[in-house]
Amino acid sequence: MINNLLLILLFAVFTACSDPEPQTISLENGSLTAFTGANVLPMTDEVVLENQTVIIQDGRISVIGDTGEVEIPDGAEVIDATGKYLMPGLAEMHGHVPGPNNRQYAKDVLFLYISNGVTTVRNMAGHPYHLELRDRVDNGELAGPMLFAASPWLSPNNISEPAEAEDVVRGYKEAGFDLMKIGSISLESYRAMAEVAHEIDLPFAGHIPEEVGLVNALEARQASIDHLDRYVEFLVADNPEAESVSPGFFGSGVIDYVDEERIDEAIRLTIEAGTWNVPTLSLVEHLESPESPEDMIRWPEMRYMPQSVLDGWVESKHNFQARDDFQPDAARKLVELRQKLTKELHDAGALIALGSDAPQFFNVPGFSIHHELRMMVDTGLTPYEVLVTGTRNAGIYFDMADEFGTLEEGRQADIIVLNANPFNDIEHVRNQYGVMVRGVWWSRDVITQRLEEIAARNSR
Ligand SMILES: [Zn+2]
């Protein structure tokens, strides 16, 4: 049913249509930059390196060293970062960039991500158009985060029987997708898909189809489970009473049958499989919260979204709150269980990456990452631990830890400059002085100006 809801939302998104004029970003001011006097959070450890000079050359961090000892090259643009904090750009590991029917909106979404320091997005709503966007961001033609593109959602529409899996998987690999998005296919189709995917090295991630379940997905080494999908069903698996009840929305229908003693087993199997979790806590919390959707679309960041998208969100929250299996008690229990699972998976050493599912369900791209960071801290993780899930872990997930995710010499210059130390309070991540995206510096003033343009496009 989430599938249908997504289609409705996507349809809503595609209705307001306009075509864009191409934008080109000058890479000139990104060619040589020096931040001086900065506190650097390398995110390799919970340390703050004080009074550092960081030299950026051709989009990469070339030198990090003590201010006064590092020579500033001729022609460098110097940014005084005294008293500021430099941290790696954040990754939105469950993003939904819009499709080609509203190209201006898609581009605005890319900018909204970077306006808040999201410099990497694993895009989970697949369309061949995203391959084009990915390449245009890559060559500096479009302002946006580094994109990883998932295939279209796998469902009986593209794999209706196991024999079709091989061609479909090879086709997505050939088209250039970075991963496949799992939706709702049969167990036999899933197994056939997984076999080919491993053979040609195309990861698969996202949901777990109901028929597949947690254990089979872990056995097939699904790259990531998003939204903590099918954990609740696993936790009720030895309860015969639960068998006749539909699991509903992320297990909310069977939440009363959960046996928390099975959590340890779920965690053990997850770690053994090496499968990541992208909890997207915002997803369920935004639908469950007592705040009315009409009030939620008055949050300040909503002015950057098209009205049609906001209307879809309001409708979705009303629909969810009307469901028999999503009444306040069940929904609250589900939220609490998801917090507990996130904390226990993390503390046991399971792999966790940050994702807020933007733009879906009141998650405005970029802005929603701050909601998710807050919710992750509310599970009991420290701000540092939560920031690891959104920085270093993204590099590790993509097997690109020597490219991005930390602030070290040689890494891509994806940097958020903060006015205060985020290790003391996660809310400080919102307090940004500027963002550098692969060497291109976006000061707060320039970001604000672009945001105003987006708001004007969506003014109502
Ligand atoms: Zn999704």
# chains A, B, ... in the order shown; residues from 1 in each chain; ligands from 1
>>> residues_near_ligand(ligand="ligand 1", cutoff="7 Å", atoms="only C-alpha atoms and all ligand atoms", output="JSON, numbers by chain")
{"A": [94, 95, 96, 124, 125, 206, 357]}
>>> select_by_dssp(residues="region 94-259 of chain A", states="strand (DSSP E)", output="PDB file with C-alpha atoms, in the first residue's frame")
ATOM      1  CA  HIS A  94      17.228   7.854   1.247  1.00  0.00           C
ATOM      2  CA  GLY A  95      16.408  10.685  -1.125  1.00  0.00           C
ATOM      3  CA  VAL A 118      23.706  17.690   2.209  1.00  0.00           C
ATOM      4  CA  THR A 119      26.476  17.021  -0.299  1.00  0.00           C
ATOM      5  CA  THR A 120      25.694  13.375  -1.130  1.00  0.00           C
ATOM      6  CA  VAL A 121      22.326  11.816  -1.948  1.00  0.00           C
ATOM      7  CA  ARG A 122      21.546   8.172  -2.530  1.00  0.00           C
ATOM      8  CA  ASN A 123      18.485   8.653  -4.668  1.00  0.00           C
ATOM      9  CA  MET A 146      26.837  14.004  -5.549  1.00  0.00           C
ATOM     10  CA  LEU A 147      24.084  11.622  -6.660  1.00  0.00           C
ATOM     11  CA  PHE A 148      23.890   7.860  -6.553  1.00  0.00           C
ATOM     12  CA  ALA A 149      20.976   6.661  -8.638  1.00  0.00           C
ATOM     13  CA  MET A 180      18.373  -1.278  -7.520  1.00  0.00           C
ATOM     14  CA  LYS A 181      15.445  -0.167  -5.411  1.00  0.00           C
ATOM     15  CA  ILE A 182      13.544  -3.093  -3.946  1.00  0.00           C
ATOM     16  CA  PHE A 204      19.995  -3.868  -4.170  1.00  0.00           C
ATOM     17  CA  ALA A 205      18.413  -1.966  -1.320  1.00  0.00           C
ATOM     18  CA  GLY A 206      15.267  -0.355   0.025  1.00  0.00           C
ATOM     19  CA  SER A 224      20.518  -1.812   2.947  1.00  0.00           C
ATOM     20  CA  ILE A 225      17.159  -2.148   4.613  1.00  0.00           C
ATOM     21  CA  ASP A 226      15.385   1.192   4.586  1.00  0.00           C
TER      22      ASP A 226
END
>>> select_by_dssp(residues="region 394-428 of chain A", states="alpha helix (DSSP H)", output="PyMOL selection string")
chain A and resi 394-397
>>> write_last_selection(atoms="N, CA, C and O atoms", output="tab-separated table (two decimals), in the first residue's frame")
chain	number	residue	atom	x	y	z
A	394	ALA	N	28.63	7.05	5.16
A	394	ALA	CA	28.21	7.10	3.76
A	394	ALA	C	29.38	6.74	2.85
A	394	ALA	O	29.23	5.99	1.88
A	395	GLY	N	30.56	7.25	3.17
A	395	GLY	CA	31.75	6.89	2.40
A	395	GLY	C	32.03	5.40	2.46
A	395	GLY	O	32.37	4.76	1.46
A	396	ILE	N	31.85	4.83	3.67
A	396	ILE	CA	32.09	3.39	3.85
A	396	ILE	C	31.04	2.59	3.07
A	396	ILE	O	31.36	1.62	2.38
A	397	TYR	N	29.78	3.03	3.16
A	397	TYR	CA	28.71	2.31	2.45
A	397	TYR	C	29.03	2.17	0.97
A	397	TYR	O	28.85	1.10	0.38
>>> residues_around(residues="Val196 (chain A)", least_positions_apart="3", cutoff="8 Å", atoms="only C-alpha atoms", output="VMD selection string")
chain A and resid 165 to 166 169 to 170 192 to 193 199 to 200
>>> residues_around(residues="Tyr231 (chain A)", least_positions_apart="2", cutoff="12 Å", atoms="only C-alpha atoms", output="VMD selection string")
chain A and resid 207 to 210 213 to 215 217 to 218 225 to 229 233 to 237 247 249 to 252 254 to 255 258 to 260 262 to 267 269 to 270 277 279 334 337 to 338 340 to 342 345
>>> write_last_selection(atoms="C-alpha atoms", output="CSV table (one decimal), in the first residue's frame")
chain,number,residue,atom,x,y,z
A,207,HIS,CA,12.2,-2.2,1.1
A,208,ILE,CA,11.8,-5.9,1.8
A,209,PRO,CA,8.8,-7.4,0.1
A,210,GLU,CA,6.3,-9.0,2.5
A,213,GLY,CA,10.8,-11.1,5.0
A,214,LEU,CA,13.8,-10.1,7.0
A,215,VAL,CA,15.6,-13.5,7.2
A,217,ALA,CA,16.7,-10.5,2.7
A,218,LEU,CA,19.6,-10.8,5.0
A,225,ILE,CA,17.2,-2.1,4.6
A,226,ASP,CA,15.4,1.2,4.6
A,227,HIS,CA,12.7,2.3,7.1
A,228,LEU,CA,13.6,-0.7,9.3
A,229,ASP,CA,11.3,-2.6,7.0
A,233,GLU,CA,7.2,-8.9,11.4
A,234,PHE,CA,10.4,-10.8,12.4
A,235,LEU,CA,9.7,-9.9,16.1
A,236,VAL,CA,6.2,-11.4,16.0
A,237,ALA,CA,7.2,-14.4,13.9
A,247,PRO,CA,1.2,-6.4,9.3
A,249,PHE,CA,2.2,-0.1,7.7
A,250,PHE,CA,5.7,-1.1,8.8
A,251,GLY,CA,4.2,-3.7,11.2
A,252,SER,CA,1.9,-1.3,13.0
A,254,VAL,CA,0.9,-6.5,14.6
A,255,ILE,CA,2.8,-4.2,17.0
A,258,VAL,CA,6.0,-8.1,19.3
A,259,ASP,CA,8.3,-10.2,21.4
A,260,GLU,CA,11.2,-7.9,22.3
A,262,ARG,CA,13.7,-11.6,19.5
A,263,ILE,CA,15.5,-8.2,19.0
A,264,ASP,CA,18.9,-9.7,19.8
A,265,GLU,CA,18.4,-12.4,17.2
A,266,ALA,CA,17.4,-9.8,14.6
A,267,ILE,CA,20.5,-7.7,15.4
A,269,LEU,CA,21.5,-11.8,11.8
A,270,THR,CA,21.8,-8.2,10.6
A,277,ASN,CA,20.0,0.1,7.9
A,279,PRO,CA,16.1,4.0,9.6
A,334,LEU,CA,5.8,1.6,16.5
A,337,LEU,CA,10.1,0.3,18.9
A,338,ARG,CA,11.9,1.9,15.9
A,340,LYS,CA,14.8,1.2,20.4
A,341,LEU,CA,15.8,-0.9,17.3
A,342,THR,CA,18.0,1.9,15.9
A,345,LEU,CA,21.4,-2.0,16.3
>>> closest_residue(among="A:Val386, A:Arg457, A:Val314, A:Asn431", to="Ser292 (chain A)", atoms="only C-alpha atoms")
A:Val314
>>> residues_around(residues="Leu351 (chain A)", least_positions_apart="4", cutoff="7 Å", atoms="only C-alpha atoms", output="MDAnalysis selection string")
chainID A and resid 275:277 346
>>> closest_residue(among="A:Met376, A:Leu133, A:Ala194, A:Met400", to="Arg103 (chain A)", atoms="only C-alpha atoms")
A:Leu133
>>> atom_distance(atom1="CA of Asp311 (chain A)", atom2="CA of Ala455 (chain A)")
16.5 Å
>>> closest_atom_pairs(of="region 261-303 of chain A", to="region 319-322 of chain A", cutoff="12 Å", atoms="only C-alpha atoms", output="JSON lines")
{"residue": "A:Leu283", "atom": "CA", "partner": "A:Phe320", "partner_atom": "CA", "distance": 11.8}
{"residue": "A:Val284", "atom": "CA", "partner": "A:Phe320", "partner_atom": "CA", "distance": 10.0}
{"residue": "A:Glu285", "atom": "CA", "partner": "A:Phe320", "partner_atom": "CA", "distance": 11.7}
{"residue": "A:His286", "atom": "CA", "partner": "A:Phe320", "partner_atom": "CA", "distance": 10.6}
{"residue": "A:Leu287", "atom": "CA", "partner": "A:Phe320", "partner_atom": "CA", "distance": 6.9}
{"residue": "A:Glu288", "atom": "CA", "partner": "A:Gln321", "partner_atom": "CA", "distance": 7.4}
{"residue": "A:Ser289", "atom": "CA", "partner": "A:Gln321", "partner_atom": "CA", "distance": 9.7}
{"residue": "A:Pro290", "atom": "CA", "partner": "A:Gln321", "partner_atom": "CA", "distance": 9.7}
{"residue": "A:Glu291", "atom": "CA", "partner": "A:Gln321", "partner_atom": "CA", "distance": 11.4}
{"residue": "A:Ser292", "atom": "CA", "partner": "A:Gln321", "partner_atom": "CA", "distance": 10.3}
{"residue": "A:Pro293", "atom": "CA", "partner": "A:Gln321", "partner_atom": "CA", "distance": 10.5}
>>> write_last_selection(atoms="N, CA, C and O atoms", output="PDB file, in the first residue's frame")
ATOM      1  N   LEU A 283      10.070   9.372   8.730  1.00  0.00           N
ATOM      2  CA  LEU A 283       8.945   8.875   7.928  1.00  0.00           C
ATOM      3  C   LEU A 283       7.746   8.534   8.809  1.00  0.00           C
ATOM      4  O   LEU A 283       6.652   9.062   8.628  1.00  0.00           O
ATOM      5  N   VAL A 284       7.928   7.649   9.776  1.00  0.00           N
ATOM      6  CA  VAL A 284       6.801   7.231  10.609  1.00  0.00           C
ATOM      7  C   VAL A 284       6.421   8.333  11.601  1.00  0.00           C
ATOM      8  O   VAL A 284       5.245   8.594  11.839  1.00  0.00           O
ATOM      9  N   GLU A 285       7.435   9.023  12.150  1.00  0.00           N
ATOM     10  CA  GLU A 285       7.126  10.059  13.141  1.00  0.00           C
ATOM     11  C   GLU A 285       6.275  11.177  12.554  1.00  0.00           C
ATOM     12  O   GLU A 285       5.388  11.700  13.220  1.00  0.00           O
ATOM     13  N   HIS A 286       6.553  11.564  11.319  1.00  0.00           N
ATOM     14  CA  HIS A 286       5.769  12.647  10.724  1.00  0.00           C
ATOM     15  C   HIS A 286       4.326  12.230  10.485  1.00  0.00           C
ATOM     16  O   HIS A 286       3.412  13.053  10.531  1.00  0.00           O
ATOM     17  N   LEU A 287       4.117  10.952  10.200  1.00  0.00           N
ATOM     18  CA  LEU A 287       2.741  10.492   9.974  1.00  0.00           C
ATOM     19  C   LEU A 287       2.019  10.256  11.291  1.00  0.00           C
ATOM     20  O   LEU A 287       0.812  10.399  11.398  1.00  0.00           O
ATOM     21  N   GLU A 288       2.792   9.901  12.311  1.00  0.00           N
ATOM     22  CA  GLU A 288       2.203   9.543  13.610  1.00  0.00           C
ATOM     23  C   GLU A 288       1.943  10.749  14.497  1.00  0.00           C
ATOM     24  O   GLU A 288       1.016  10.747  15.311  1.00  0.00           O
ATOM     25  N   SER A 289       2.748  11.803  14.358  1.00  0.00           N
ATOM     26  CA  SER A 289       2.728  12.896  15.340  1.00  0.00           C
ATOM     27  C   SER A 289       1.330  13.508  15.482  1.00  0.00           C
ATOM     28  O   SER A 289       0.553  13.532  14.527  1.00  0.00           O
ATOM     29  N   PRO A 290       1.012  14.025  16.677  1.00  0.00           N
ATOM     30  CA  PRO A 290      -0.317  14.622  16.894  1.00  0.00           C
ATOM     31  C   PRO A 290      -0.509  15.954  16.151  1.00  0.00           C
ATOM     32  O   PRO A 290      -1.627  16.434  16.042  1.00  0.00           O
ATOM     33  N   GLU A 291       0.578  16.532  15.653  1.00  0.00           N
ATOM     34  CA  GLU A 291       0.453  17.823  14.952  1.00  0.00           C
ATOM     35  C   GLU A 291      -0.367  17.637  13.668  1.00  0.00           C
ATOM     36  O   GLU A 291      -0.154  16.679  12.921  1.00  0.00           O
ATOM     37  N   SER A 292      -1.292  18.525  13.420  1.00  0.00           N
ATOM     38  CA  SER A 292      -2.142  18.371  12.234  1.00  0.00           C
ATOM     39  C   SER A 292      -1.322  18.667  10.983  1.00  0.00           C
ATOM     40  O   SER A 292      -0.428  19.516  11.001  1.00  0.00           O
ATOM     41  N   PRO A 293      -1.637  17.956   9.888  1.00  0.00           N
ATOM     42  CA  PRO A 293      -0.872  18.195   8.651  1.00  0.00           C
ATOM     43  C   PRO A 293      -1.022  19.636   8.160  1.00  0.00           C
ATOM     44  O   PRO A 293      -0.098  20.178   7.570  1.00  0.00           O
TER      45      PRO A 293
END
